[in-house]
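Here the structure is laid out as structure tokens; the discussion comes afterwards.
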Amino acid sequence: MPMWNPWHGCHKISEGCRHCYVYREDAAFGTPISTTEIRKTASFSLPLRRDRKKNWKYPSGTEFALCFTSDLLLEEADGWRDEIWEIIRLRHDCSFFFFTKRIERLAGCLPDDWGEGYENVAIGCTVENQDKADLRMPVFLSLPIRHRLVIVAPMLERINLLKYLDPAIIDEVSVGGESGKYARTTYFEWVIDMYKQCLTANVPFCFHQTGSWLIKDGRRYHIPREHQHSQALKAGLNTIYHNKIQPS
């Protein structure tokens, strides 16, 4: 799956941002972790690239992960976003998804022809604790979006989402722990509780990442970054998710 990062950089707005991997990776390349540089990248028009025969480099049906080193709804990107919507319209034969902690900005950032949502776009609302869940989820559910994902990551505490989990409008709940040297601990019992909520609501569930530190059955485990996805998968909690995002 290609990562499409038309701009890079962000600024922290909530507790889930404290150890964000974007800052960590920038620091590894010499950018002070206390600063942010929000800039367009060389990949700004990535989905429109063509090969030597003038065919699309990324063929019909490609699914793009959008803005994973920033936030599509970032204020500093307001002057660039219309071009992104235009690229998504031009590549209506592909699908796109992005996650945001700024869901309250979405209504003012949508294109004029959005209607009830583009059929080939999924939007994930990130909630890291109960406070942010109760703040962001009502806004998220009130907006015209065809494909909604709830991203519980980094999961910082036990969260009750049951009153928000309408299977008619939530495509999936995805849970992950925090990674990195200073990662906060995830408790497996929190993950199990969210899994049970999704079963009760008949909403697909995904445990996508353990995080660096996981407490399970009273034991604390350190899980290297390269094993965090595979170890989450081995938990056997993922329910079948049929991709509903349909390019036209």
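Within each chain, counting starts at residue 1; across the structure tokens, chains are named A, B, ... in the order shown, with ligands numbered 1 upward in that order.
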
Contacts of His208 (chain A) within 7 Å, only C-alpha atoms, excl. fewer than 5 positions in-chain, as an MDAnalysis selection string: chainID A and resid 174:176 229 232:233

Return as CSV the residues of region 14-115 of chain A lying at most 10 Å from region 130-138 of chain A, together with the closest atom-to-atom pair for each and the distance in Å to one decimal, counting only C-alpha atoms, with rows in chain order and ascending residue number.
residue,atom,partner,partner_atom,distance
A:Ser14,CA,A:Lys132,CA,8.4
A:Glu15,CA,A:Lys132,CA,9.1
A:Gly16,CA,A:Lys132,CA,9.3
A:Lys101,CA,A:Arg136,CA,8.1
A:Arg102,CA,A:Arg136,CA,8.3
A:Ile103,CA,A:Arg136,CA,6.7
A:Glu104,CA,A:Arg136,CA,7.2

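Candidate residues A:Phe96, A:Cys109, A:Arg184, A:Arg50 were compared for distance to Leu74 (chain A), and the nearest is A:Cys109, using only C-alpha atoms.
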
Neighbouring residues of Thr239 (chain A) were defined as those with any atom within 8 Å, considering only C-alpha atoms; residues of the same chain fewer than 6 positions away were excluded. Please report them as a short mmCIF file (atom, residue, chain, number, x, y, z; two decimals) with N, CA and C atoms, in the first residue's frame.
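Okay, selection_31.cif is ready:
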data_model
loop_
_atom_site.label_atom_id
_atom_site.label_comp_id
_atom_site.auth_asym_id
_atom_site.auth_seq_id
_atom_site.Cartn_x
_atom_site.Cartn_y
_atom_site.Cartn_z
N PRO A 204 -16.84 -4.51 13.11
CA PRO A 204 -15.54 -5.17 12.92
C PRO A 204 -14.45 -4.56 13.80
N PHE A 205 -13.56 -5.42 14.28
CA PHE A 205 -12.51 -5.02 15.21
C PHE A 205 -11.15 -5.44 14.68
N CYS A 206 -10.15 -4.57 14.90
CA CYS A 206 -8.77 -4.90 14.52
C CYS A 206 -7.82 -4.48 15.63
#

Which of region 195-243 of chain A DSSP labels strand (DSSP E), written as JSON, numbers by chain: {"A": [205, 206, 207, 208, 209, 213, 214, 215, 216, 219, 220, 221, 222]}

Could those residues be written to a file, using all heavy atoms, as a CSV table (one decimal), in the first residue's frame?
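Output file out.csv is given in full below:
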chain,number,residue,atom,x,y,z
A,205,PHE,N,-13.6,-5.4,14.3
A,205,PHE,CA,-12.5,-5.0,15.2
A,205,PHE,C,-11.1,-5.4,14.7
A,205,PHE,O,-11.0,-6.5,14.1
A,205,PHE,CB,-12.7,-5.7,16.6
A,205,PHE,CG,-11.6,-5.4,17.6
A,205,PHE,CD1,-11.7,-4.3,18.4
A,205,PHE,CD2,-10.6,-6.3,17.7
A,205,PHE,CE1,-10.7,-4.0,19.3
A,205,PHE,CE2,-9.6,-6.1,18.6
A,205,PHE,CZ,-9.6,-4.9,19.4
A,206,CYS,N,-10.1,-4.6,14.9
A,206,CYS,CA,-8.8,-4.9,14.5
A,206,CYS,C,-7.8,-4.5,15.6
A,206,CYS,O,-7.9,-3.3,16.1
A,206,CYS,CB,-8.4,-4.2,13.2
A,206,CYS,SG,-6.7,-4.4,12.7
A,207,PHE,N,-7.0,-5.4,16.1
A,207,PHE,CA,-5.9,-5.1,17.0
A,207,PHE,C,-4.7,-5.0,16.1
A,207,PHE,O,-4.1,-6.0,15.8
A,207,PHE,CB,-5.8,-6.2,18.1
A,207,PHE,CG,-4.7,-6.0,19.1
A,207,PHE,CD1,-4.3,-4.7,19.5
A,207,PHE,CD2,-4.1,-7.1,19.7
A,207,PHE,CE1,-3.3,-4.5,20.4
A,207,PHE,CE2,-3.1,-6.9,20.7
A,207,PHE,CZ,-2.7,-5.6,21.1
A,208,HIS,N,-4.3,-3.8,15.7
A,208,HIS,CA,-3.3,-3.6,14.7
A,208,HIS,C,-1.8,-3.5,15.2
A,208,HIS,O,-0.9,-3.7,14.5
A,208,HIS,CB,-3.6,-2.4,13.8
A,208,HIS,CG,-3.4,-1.1,14.5
A,208,HIS,ND1,-4.5,-0.4,15.0
A,208,HIS,CD2,-2.3,-0.3,14.7
A,208,HIS,CE1,-4.1,0.7,15.5
A,208,HIS,NE2,-2.7,0.8,15.3
A,209,GLN,N,-1.7,-3.2,16.5
A,209,GLN,CA,-0.3,-3.0,17.0
A,209,GLN,C,-0.3,-3.1,18.6
A,209,GLN,O,-1.1,-2.5,19.2
A,209,GLN,CB,0.2,-1.6,16.6
A,209,GLN,CG,1.6,-1.3,17.1
A,209,GLN,CD,2.0,0.1,16.6
A,209,GLN,OE1,2.1,0.3,15.4
A,209,GLN,NE2,2.4,1.0,17.5
A,213,TRP,N,5.2,-1.6,25.0
A,213,TRP,CA,5.1,-2.3,26.4
A,213,TRP,C,3.6,-2.7,26.5
A,213,TRP,O,2.7,-2.0,26.3
A,213,TRP,CB,5.4,-1.3,27.5
A,213,TRP,CG,6.8,-0.8,27.4
A,213,TRP,CD1,7.3,0.3,26.9
A,213,TRP,CD2,7.9,-1.5,28.0
A,213,TRP,NE1,8.7,0.4,27.1
A,213,TRP,CE2,9.1,-0.7,27.7
A,213,TRP,CE3,8.1,-2.8,28.6
A,213,TRP,CZ2,10.4,-1.2,28.1
A,213,TRP,CZ3,9.3,-3.2,29.0
A,213,TRP,CH2,10.5,-2.4,28.8
A,214,LEU,N,3.5,-4.0,26.8
A,214,LEU,CA,2.1,-4.6,27.0
A,214,LEU,C,2.1,-5.4,28.3
A,214,LEU,O,2.9,-6.2,28.5
A,214,LEU,CB,1.9,-5.5,25.8
A,214,LEU,CG,0.5,-6.2,25.7
A,214,LEU,CD1,-0.6,-5.2,25.4
A,214,LEU,CD2,0.5,-7.3,24.7
A,215,ILE,N,1.1,-5.1,29.1
A,215,ILE,CA,0.8,-5.9,30.3
A,215,ILE,C,-0.3,-6.9,30.0
A,215,ILE,O,-1.4,-6.5,29.6
A,215,ILE,CB,0.5,-5.1,31.5
A,215,ILE,CG1,1.7,-4.3,31.9
A,215,ILE,CG2,0.0,-5.9,32.6
A,215,ILE,CD1,1.5,-3.4,33.1
A,216,LYS,N,0.0,-8.2,30.1
A,216,LYS,CA,-1.0,-9.3,29.9
A,216,LYS,C,-0.8,-10.3,31.0
A,216,LYS,O,0.3,-10.8,31.3
A,216,LYS,CB,-0.7,-9.9,28.5
A,216,LYS,CG,-1.7,-11.0,28.2
A,216,LYS,CD,-1.4,-11.6,26.8
A,216,LYS,CE,-2.4,-12.7,26.5
A,216,LYS,NZ,-2.1,-13.4,25.2
A,219,ARG,N,1.9,-9.8,33.6
A,219,ARG,CA,3.3,-9.7,33.2
A,219,ARG,C,3.4,-8.6,32.2
A,219,ARG,O,2.6,-8.3,31.3
A,219,ARG,CB,3.7,-11.0,32.5
A,219,ARG,CG,3.8,-12.2,33.5
A,219,ARG,CD,4.4,-13.4,32.8
A,219,ARG,NE,5.7,-13.2,32.3
A,219,ARG,CZ,6.4,-14.0,31.5
A,219,ARG,NH1,5.9,-15.2,31.2
A,219,ARG,NH2,7.6,-13.7,31.1
A,220,ARG,N,4.6,-7.9,32.3
A,220,ARG,CA,4.9,-6.8,31.4
A,220,ARG,C,5.9,-7.2,30.4
A,220,ARG,O,7.0,-7.7,30.7
A,220,ARG,CB,5.4,-5.6,32.2
A,220,ARG,CG,5.6,-4.3,31.4
A,220,ARG,CD,5.9,-3.1,32.4
A,220,ARG,NE,5.9,-1.8,31.7
A,220,ARG,CZ,7.0,-1.1,31.5
A,220,ARG,NH1,8.2,-1.6,31.9
A,220,ARG,NH2,7.0,0.0,30.9
A,221,TYR,N,5.5,-7.0,29.1
A,221,TYR,CA,6.3,-7.5,28.0
A,221,TYR,C,6.8,-6.3,27.2
A,221,TYR,O,6.1,-5.3,27.0
A,221,TYR,CB,5.5,-8.3,27.0
A,221,TYR,CG,5.0,-9.6,27.6
A,221,TYR,CD1,3.7,-9.7,28.2
A,221,TYR,CD2,5.7,-10.8,27.6
A,221,TYR,CE1,3.2,-10.8,28.8
A,221,TYR,CE2,5.3,-12.0,28.1
A,221,TYR,CZ,4.0,-12.0,28.7
A,221,TYR,OH,3.5,-13.2,29.3
A,222,HIS,N,8.1,-6.3,26.8
A,222,HIS,CA,8.7,-5.4,25.9
A,222,HIS,C,8.7,-6.0,24.5
A,222,HIS,O,9.3,-7.1,24.3
A,222,HIS,CB,10.1,-5.0,26.3
A,222,HIS,CG,10.7,-4.0,25.3
A,222,HIS,ND1,11.7,-4.3,24.4
A,222,HIS,CD2,10.4,-2.7,25.0
A,222,HIS,CE1,12.0,-3.3,23.7
A,222,HIS,NE2,11.2,-2.3,24.0

For Trp190 (chain A), the nearest of the candidates A:Ile169, A:Arg105, A:Arg225, A:Glu157, counting only C-alpha atoms: A:Glu157
